[in-house]
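Q: Right, I'll just put the structure down here and ask away after.
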Amino acid sequence: MPHSGHSNSPTCSTFPDLPRFSESVSTAPLLRISLSKLLNRDPEEEERCWNACCDLGFFYLDLRTLDQTASKDVDGTALLRDAAKLFEVMKGFFELPIEEKAKYDFADQGSYFGYKGYGAGIVDRKGTRDRNEFYNISKDDMLGLGEQLPSPSVLNPYRALYISYIHSSHAICMLVASLLSSRLPLKPAINESGGLPALHKLNAVSGDQIRFVKAPPQEQPTEGVALGEHTDFGSVTVLFNRLGGLQVKLPEYIEALPPGSSAPCSPVERELCEDGWTYVRPLPGHCIVNLGDALVKFSAGKLRSNIHRVVAPPGEQGGVTRYSLVYFCRPGDDVLLRSLVEGGTDGEEEEVSAKEWILRRALGRRKMGGWEGSGGTERVSMRGGTY
Ligand SMILES: O=C(O)CCC(=O)C(=O)O
Ligand SMILES: [Fe+2]
């Protein structure tokens, strides 16, 4: 099935000061959804967004809110500005000496917030090391709801920026959650208590976080997986990236968009596109929104949390350091991850709290031999297909 209608208005395809995305690779047909239209409750746009969440679990959200009356809840233009500033802030942090950054790695204290060094994660069951660095900022820390973790002095002046970014990203996630809530056949008791948004309150203690990611150019591109294949643990993810490299694994019923040029891609890039893996083209003015495991569980598999990974950016972008900025919205820590829909899979499923799920998934991928026990909803994600 072609995942049609991926384009609905003209867009500039380049980011200043970066090489262009390669036209020699096929790309994933993410729908482009307009934030303005969603805020205006445009029925057609809501339908497209719902379809994107059920079919692929990934879509572009056009944040260029031209109509100011539409942007009272979420100001897309302000979010784009915050994201651009955060790209600069994160570069300042990643430039610190490794010994300095390592002071903020709290994995041995059982926390996934703070720093994760290059190669500290695994990308497959063989235990192959990752090729990126992370810095995770807790929403609860920033909003004064939880433990205040030590943080480096280069990052401390920007608390107001993190808080503003958290508010806007969380509001986007709630917009998506309320749309999904209105379409899913939720049990009456769940609807009466506020549906999906009520499980993701901004002021509830949760694993929500900002993530900064840096992946340097890779010297051995054949083994070039920077971030191993995974589904996200939470509910809704808001992602900004500027270079290619993100790939989604398309299910058999969704076709990739053909390359824009007839110039061949490299043998490595061809290899990286086997088994349904397809590049996601970064679009200026947009974020990428994707769903995580919690929504698969809440919807008994109706919604998709697609498998994705990060490899070396294709073409000349491969020579440039790649940064990305993520906001993960997750259910409150105590929320049980189980079906909330009528006719779901009650009784048969393991009931695990959002907090236990995150710890299992995040920290399992930080240790040798942790791959098997740290899986998510991959099998459901591929609809029993090729995974
Ligand atoms: O860097 C990207 O484009 C994606 C990052 C990602 O998937 C993640 O951090 O979970
Ligand atoms: Fe991810």
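Labels for the structure tokens follow display order: chains A, B, ..., residues from 1 in each chain, ligands from 1.
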At a cut-off of 8 Å around ligand 1, and using only C-alpha atoms and all ligand atoms, what residues come up? Please write them as a ChimeraX atom specification.
A: /A:211,213,227,230-232,239-241,244-246,308-310,323-326
Q: Hey, what does DSSP flag as helix (DSSP H, G or I) within segment 242-359 of chain A? Can you give it to me as a short mmCIF file (atom, residue, chain, number, x, y, z; two decimals) with C-alpha atoms, in the first residue's frame?
A:
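The resulting part.cif:
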data_model
loop_
_atom_site.label_atom_id
_atom_site.label_comp_id
_atom_site.auth_asym_id
_atom_site.auth_seq_id
_atom_site.Cartn_x
_atom_site.Cartn_y
_atom_site.Cartn_z
CA PRO A 267 27.44 -0.17 -1.96
CA VAL A 268 27.38 0.48 1.81
CA GLU A 269 24.25 2.61 1.50
CA ARG A 270 22.64 -0.11 -0.62
CA GLU A 271 23.48 -2.66 2.06
CA LEU A 272 22.01 -0.36 4.71
CA GLU A 274 18.23 -4.10 2.87
CA ASP A 275 15.38 -5.73 4.84
CA GLY A 276 13.05 -2.74 4.56
CA ASP A 293 5.81 1.22 23.04
CA ALA A 294 3.43 2.61 25.66
CA LEU A 295 0.88 3.56 22.99
CA VAL A 296 1.18 0.12 21.40
CA LYS A 297 0.33 -1.40 24.76
CA PHE A 298 -2.47 1.08 25.57
CA GLY A 315 26.30 10.83 0.54
CA GLU A 316 28.46 13.81 1.40
CA GLN A 317 26.58 14.33 4.68
CA GLY A 318 28.53 11.30 5.93
CA GLY A 319 31.57 13.54 6.45
CA ALA A 354 6.05 2.86 32.92
CA LYS A 355 9.01 3.32 35.27
CA GLU A 356 9.97 -0.39 35.32
CA TRP A 357 9.65 -0.52 31.53
CA ILE A 358 12.02 2.42 31.00
CA LEU A 359 14.63 1.08 33.40
#
Q: To test your reading of the structure, identify every residue in segment 169-372 of chain A that backbone DSSP assigns to strand (DSSP E or B), and report it as an mmCIF file with N, CA and C atoms, in the first residue's frame.
A:
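Result went into part-v9.cif, see below:
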data_model
loop_
_atom_site.group_PDB
_atom_site.id
_atom_site.type_symbol
_atom_site.label_atom_id
_atom_site.label_comp_id
_atom_site.auth_asym_id
_atom_site.auth_seq_id
_atom_site.Cartn_x
_atom_site.Cartn_y
_atom_site.Cartn_z
ATOM 1 N N LEU A 186 -11.501 3.473 23.673
ATOM 2 C CA LEU A 186 -11.045 3.352 25.059
ATOM 3 C C LEU A 186 -12.182 2.872 25.952
ATOM 4 N N SER A 206 7.539 11.444 35.943
ATOM 5 C CA SER A 206 7.604 10.555 34.777
ATOM 6 C C SER A 206 9.035 10.502 34.243
ATOM 7 N N GLN A 209 11.972 13.228 29.043
ATOM 8 C CA GLN A 209 13.325 13.781 28.976
ATOM 9 C C GLN A 209 13.616 14.464 27.651
ATOM 10 N N ILE A 210 14.558 15.387 27.732
ATOM 11 C CA ILE A 210 15.183 15.934 26.528
ATOM 12 C C ILE A 210 16.417 15.074 26.287
ATOM 13 N N ARG A 211 16.730 14.778 25.034
ATOM 14 C CA ARG A 211 17.991 14.087 24.733
ATOM 15 C C ARG A 211 18.782 14.870 23.692
ATOM 16 N N PHE A 212 20.055 15.084 23.976
ATOM 17 C CA PHE A 212 20.992 15.613 22.978
ATOM 18 C C PHE A 212 21.765 14.405 22.442
ATOM 19 N N VAL A 213 21.965 14.339 21.128
ATOM 20 C CA VAL A 213 22.714 13.222 20.533
ATOM 21 C C VAL A 213 23.808 13.764 19.625
ATOM 22 N N LYS A 214 25.002 13.204 19.740
ATOM 23 C CA LYS A 214 26.087 13.544 18.809
ATOM 24 C C LYS A 214 26.663 12.258 18.225
ATOM 25 N N ALA A 215 26.755 12.190 16.909
ATOM 26 C CA ALA A 215 27.399 11.048 16.249
ATOM 27 C C ALA A 215 28.430 11.599 15.264
ATOM 28 N N VAL A 225 26.406 1.489 12.302
ATOM 29 C CA VAL A 225 25.194 1.777 13.048
ATOM 30 C C VAL A 225 25.556 2.627 14.256
ATOM 31 N N ALA A 226 25.082 3.894 14.256
ATOM 32 C CA ALA A 226 25.415 4.802 15.356
ATOM 33 C C ALA A 226 24.517 4.513 16.545
ATOM 34 N N LEU A 227 23.240 4.283 16.270
ATOM 35 C CA LEU A 227 22.259 3.987 17.320
ATOM 36 C C LEU A 227 21.485 2.770 16.843
ATOM 37 N N GLY A 228 21.562 1.696 17.618
ATOM 38 C CA GLY A 228 20.999 0.417 17.183
ATOM 39 C C GLY A 228 19.495 0.447 16.978
ATOM 40 N N GLU A 229 18.997 -0.563 16.275
ATOM 41 C CA GLU A 229 17.555 -0.598 15.995
ATOM 42 C C GLU A 229 16.782 -0.702 17.308
ATOM 43 N N HIS A 230 15.707 0.053 17.391
ATOM 44 C CA HIS A 230 14.925 0.077 18.625
ATOM 45 C C HIS A 230 13.541 0.653 18.339
ATOM 46 N N VAL A 236 5.023 9.360 23.020
ATOM 47 C CA VAL A 236 5.214 10.171 21.807
ATOM 48 C C VAL A 236 6.613 10.788 21.872
ATOM 49 N N THR A 237 7.312 10.768 20.739
ATOM 50 C CA THR A 237 8.656 11.342 20.639
ATOM 51 C C THR A 237 8.632 12.490 19.640
ATOM 52 N N VAL A 238 9.268 13.608 20.015
ATOM 53 C CA VAL A 238 9.409 14.756 19.111
ATOM 54 C C VAL A 238 10.896 14.859 18.792
ATOM 55 N N LEU A 239 11.231 14.771 17.513
ATOM 56 C CA LEU A 239 12.634 14.651 17.116
ATOM 57 C C LEU A 239 13.020 15.728 16.102
ATOM 58 N N PHE A 240 14.160 16.352 16.337
ATOM 59 C CA PHE A 240 14.729 17.283 15.360
ATOM 60 C C PHE A 240 16.075 16.727 14.915
ATOM 61 N N ASN A 241 16.242 16.503 13.618
ATOM 62 C CA ASN A 241 17.568 16.192 13.102
ATOM 63 C C ASN A 241 17.751 16.953 11.804
ATOM 64 N N LEU A 246 18.860 8.740 10.062
ATOM 65 C CA LEU A 246 17.752 8.034 10.704
ATOM 66 C C LEU A 246 17.128 7.119 9.649
ATOM 67 N N GLN A 247 16.916 5.873 10.034
ATOM 68 C CA GLN A 247 16.230 4.939 9.133
ATOM 69 C C GLN A 247 15.069 4.288 9.878
ATOM 70 N N VAL A 248 13.959 4.103 9.176
ATOM 71 C CA VAL A 248 12.860 3.310 9.738
ATOM 72 C C VAL A 248 12.784 2.002 8.960
ATOM 73 N N LYS A 249 12.283 0.981 9.633
ATOM 74 C CA LYS A 249 12.123 -0.309 8.949
ATOM 75 C C LYS A 249 10.676 -0.355 8.473
ATOM 76 N N LEU A 257 9.774 5.770 -0.990
ATOM 77 C CA LEU A 257 9.765 6.706 -2.116
ATOM 78 C C LEU A 257 11.066 6.506 -2.879
ATOM 79 N N TRP A 277 14.884 -1.414 5.529
ATOM 80 C CA TRP A 277 15.416 -0.194 6.147
ATOM 81 C C TRP A 277 15.409 0.942 5.138
ATOM 82 N N THR A 278 14.890 2.096 5.512
ATOM 83 C CA THR A 278 14.747 3.231 4.596
ATOM 84 C C THR A 278 15.092 4.525 5.318
ATOM 85 N N TYR A 279 15.827 5.402 4.628
ATOM 86 C CA TYR A 279 16.234 6.681 5.221
ATOM 87 C C TYR A 279 15.048 7.627 5.389
ATOM 88 N N HIS A 286 10.232 21.467 10.251
ATOM 89 C CA HIS A 286 9.408 20.352 10.733
ATOM 90 C C HIS A 286 10.128 19.623 11.870
ATOM 91 N N CYS A 287 9.347 18.971 12.713
ATOM 92 C CA CYS A 287 9.951 17.946 13.575
ATOM 93 C C CYS A 287 9.392 16.613 13.086
ATOM 94 N N ILE A 288 10.026 15.558 13.544
ATOM 95 C CA ILE A 288 9.518 14.217 13.247
ATOM 96 C C ILE A 288 8.836 13.742 14.520
ATOM 97 N N VAL A 289 7.632 13.234 14.381
ATOM 98 C CA VAL A 289 6.925 12.717 15.556
ATOM 99 C C VAL A 289 6.804 11.203 15.378
ATOM 100 N N ASN A 290 7.139 10.463 16.425
ATOM 101 C CA ASN A 290 6.909 9.014 16.337
ATOM 102 C C ASN A 290 6.340 8.483 17.642
ATOM 103 N N LEU A 291 5.647 7.366 17.528
ATOM 104 C CA LEU A 291 4.991 6.775 18.695
ATOM 105 C C LEU A 291 5.886 5.719 19.323
ATOM 106 N N HIS A 308 13.331 1.771 14.441
ATOM 107 C CA HIS A 308 14.200 2.709 13.733
ATOM 108 C C HIS A 308 15.619 2.610 14.281
ATOM 109 N N ARG A 309 16.564 3.224 13.571
ATOM 110 C CA ARG A 309 17.969 3.203 13.989
ATOM 111 C C ARG A 309 18.645 4.401 13.353
ATOM 112 N N VAL A 310 19.890 4.647 13.731
ATOM 113 C CA VAL A 310 20.644 5.730 13.085
ATOM 114 C C VAL A 310 21.925 5.141 12.509
ATOM 115 N N VAL A 311 22.144 5.375 11.218
ATOM 116 C CA VAL A 311 23.369 4.926 10.543
ATOM 117 C C VAL A 311 24.098 6.178 10.033
ATOM 118 N N ARG A 322 26.964 14.591 13.195
ATOM 119 C CA ARG A 322 25.496 14.630 13.229
ATOM 120 C C ARG A 322 25.014 14.883 14.656
ATOM 121 N N TYR A 323 24.136 15.884 14.799
ATOM 122 C CA TYR A 323 23.523 16.169 16.095
ATOM 123 C C TYR A 323 22.030 15.965 15.960
ATOM 124 N N SER A 324 21.384 15.511 17.013
ATOM 125 C CA SER A 324 19.925 15.519 16.999
ATOM 126 C C SER A 324 19.401 15.844 18.389
ATOM 127 N N LEU A 325 18.157 16.263 18.409
ATOM 128 C CA LEU A 325 17.517 16.760 19.617
ATOM 129 C C LEU A 325 16.181 16.039 19.750
ATOM 130 N N VAL A 326 15.950 15.457 20.914
ATOM 131 C CA VAL A 326 14.752 14.636 21.058
ATOM 132 C C VAL A 326 13.995 15.029 22.328
ATOM 133 N N TYR A 327 12.669 14.939 22.292
ATOM 134 C CA TYR A 327 11.880 14.990 23.527
ATOM 135 C C TYR A 327 11.060 13.709 23.594
ATOM 136 N N PHE A 328 11.235 12.977 24.683
ATOM 137 C CA PHE A 328 10.478 11.752 24.879
ATOM 138 C C PHE A 328 9.385 12.021 25.904
ATOM 139 N N CYS A 329 8.139 11.829 25.494
ATOM 140 C CA CYS A 329 7.015 11.968 26.423
ATOM 141 C C CYS A 329 6.589 10.554 26.825
ATOM 142 N N GLY A 332 3.128 8.709 33.189
ATOM 143 C CA GLY A 332 3.557 8.871 34.570
ATOM 144 C C GLY A 332 4.168 7.565 35.066
ATOM 145 N N LEU A 336 0.345 1.789 34.590
ATOM 146 C CA LEU A 336 0.613 0.431 34.110
ATOM 147 C C LEU A 336 0.484 0.382 32.597
ATOM 148 N N LEU A 337 1.430 -0.291 31.967
ATOM 149 C CA LEU A 337 1.395 -0.412 30.504
ATOM 150 C C LEU A 337 0.559 -1.643 30.153
ATOM 151 N N VAL A 341 -8.137 -0.450 25.758
ATOM 152 C CA VAL A 341 -9.238 -0.424 24.779
ATOM 153 C C VAL A 341 -10.208 -1.580 25.007
ATOM 154 N N VAL A 352 3.370 -4.094 33.570
ATOM 155 C CA VAL A 352 4.588 -3.486 34.055
ATOM 156 C C VAL A 352 4.354 -1.980 34.118
ATOM 157 N N SER A 353 4.922 -1.318 35.125
ATOM 158 C CA SER A 353 4.703 0.131 35.207
ATOM 159 C C SER A 353 5.623 0.841 34.217
#
Q: Have a look at A:Ser262, A:Ser26, A:Asn191, A:Ser235 and name the one nearest to Ala177 of chain A; count only C-alpha atoms.
A: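 Ranked by minimum distance to Ala177 of chain A, first place goes to A:Ser235.
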Q: Go through A:Phe233, A:Trp50, A:Tyr165, A:Tyr158 one by one, measure the shortest atom-to-atom distance of each to ligand 2 using only C-alpha atoms and all ligand atoms, and give the residue with the smallest value.
A: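 Going through A:Phe233, A:Trp50, A:Tyr165, A:Tyr158 one by one, the smallest distance to ligand 2 is for A:Phe233.
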Q: Pick out the residues sitting within 10 Å of Gly344 of chain A, and hand them over as a ChimeraX atom specification; count only C-alpha atoms, and ignore anything fewer than 4 positions along from it in its own chain.
A: /A:185-187,297-302,338-340,348
Q: Selection from above, C-alpha atoms, as a PDB file, in the first residue's frame, can you write it?
A:
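Generated file (part.pdb):
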ATOM      1  CA  PRO A 185     -12.224   2.598  21.505  1.00  0.00           C
ATOM      2  CA  LEU A 186     -11.045   3.352  25.059  1.00  0.00           C
ATOM      3  CA  LYS A 187     -12.845   1.690  27.962  1.00  0.00           C
ATOM      4  CA  LYS A 297       0.329  -1.400  24.764  1.00  0.00           C
ATOM      5  CA  PHE A 298      -2.475   1.084  25.572  1.00  0.00           C
ATOM      6  CA  SER A 299      -4.054   0.478  22.135  1.00  0.00           C
ATOM      7  CA  ALA A 300      -3.528  -3.329  22.120  1.00  0.00           C
ATOM      8  CA  GLY A 301      -1.394  -3.000  18.970  1.00  0.00           C
ATOM      9  CA  LYS A 302      -3.660  -0.681  16.959  1.00  0.00           C
ATOM     10  CA  ARG A 338      -1.622  -2.503  29.526  1.00  0.00           C
ATOM     11  CA  SER A 339      -4.476  -2.407  27.069  1.00  0.00           C
ATOM     12  CA  LEU A 340      -6.950   0.412  27.694  1.00  0.00           C
ATOM     13  CA  GLU A 348      -2.711 -12.331  29.056  1.00  0.00           C
TER      14      GLU A 348
END
Q: Which residues come within 7 Å of segment 84-99 of chain A, counting only C-alpha atoms, excluding same-chain residues fewer than 4 positions away, as an MDAnalysis selection string?
A: chainID A and resid 80 103 154:155 212
Q: So that I have them on file, write out the residues from the current selection with C-alpha atoms, as a PDB file, in the first residue's frame.
A:
ATOM      1  CA  LEU A  80      11.702  25.875  16.033  1.00  0.00           C
ATOM      2  CA  LYS A 103      31.300  13.002  35.614  1.00  0.00           C
ATOM      3  CA  VAL A 154      28.149  24.985  30.343  1.00  0.00           C
ATOM      4  CA  LEU A 155      24.567  23.732  30.444  1.00  0.00           C
ATOM      5  CA  PHE A 212      20.992  15.613  22.978  1.00  0.00           C
TER       6      PHE A 212
END
Q: Give me, please, the distance in Å between atom CA of Glu192 of chain A and atom CA of Glu351 of chain A, quoted to one decimal.
A: 21.8 Å
Q: Which residue gives the smallest distance to Phe59 of chain A among A:Gly114, A:Pro313, A:Pro282, A:Pro258, with only C-alpha atoms counted?
A: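 Ranked by minimum distance to Phe59 of chain A, first place goes to A:Pro282.
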Q: Under the rule that only C-alpha atoms and all ligand atoms are counted, which of A:Asp75, A:Ser168, A:Gly57, A:Arg159 is the nearest residue to ligand 2?
A: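 Of A:Asp75, A:Ser168, A:Gly57, A:Arg159, the one nearest ligand 2 is A:Gly57, counting only C-alpha atoms and all ligand atoms.
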Q: Would you mind telling me which residue in A:Ala102, A:Leu175, A:Asp82, A:Asn136 lies nearest to Tyr162 of chain A when using only C-alpha atoms?
A: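 Of A:Ala102, A:Leu175, A:Asp82, A:Asn136, the one nearest Tyr162 of chain A, counting only C-alpha atoms, is A:Asp82.
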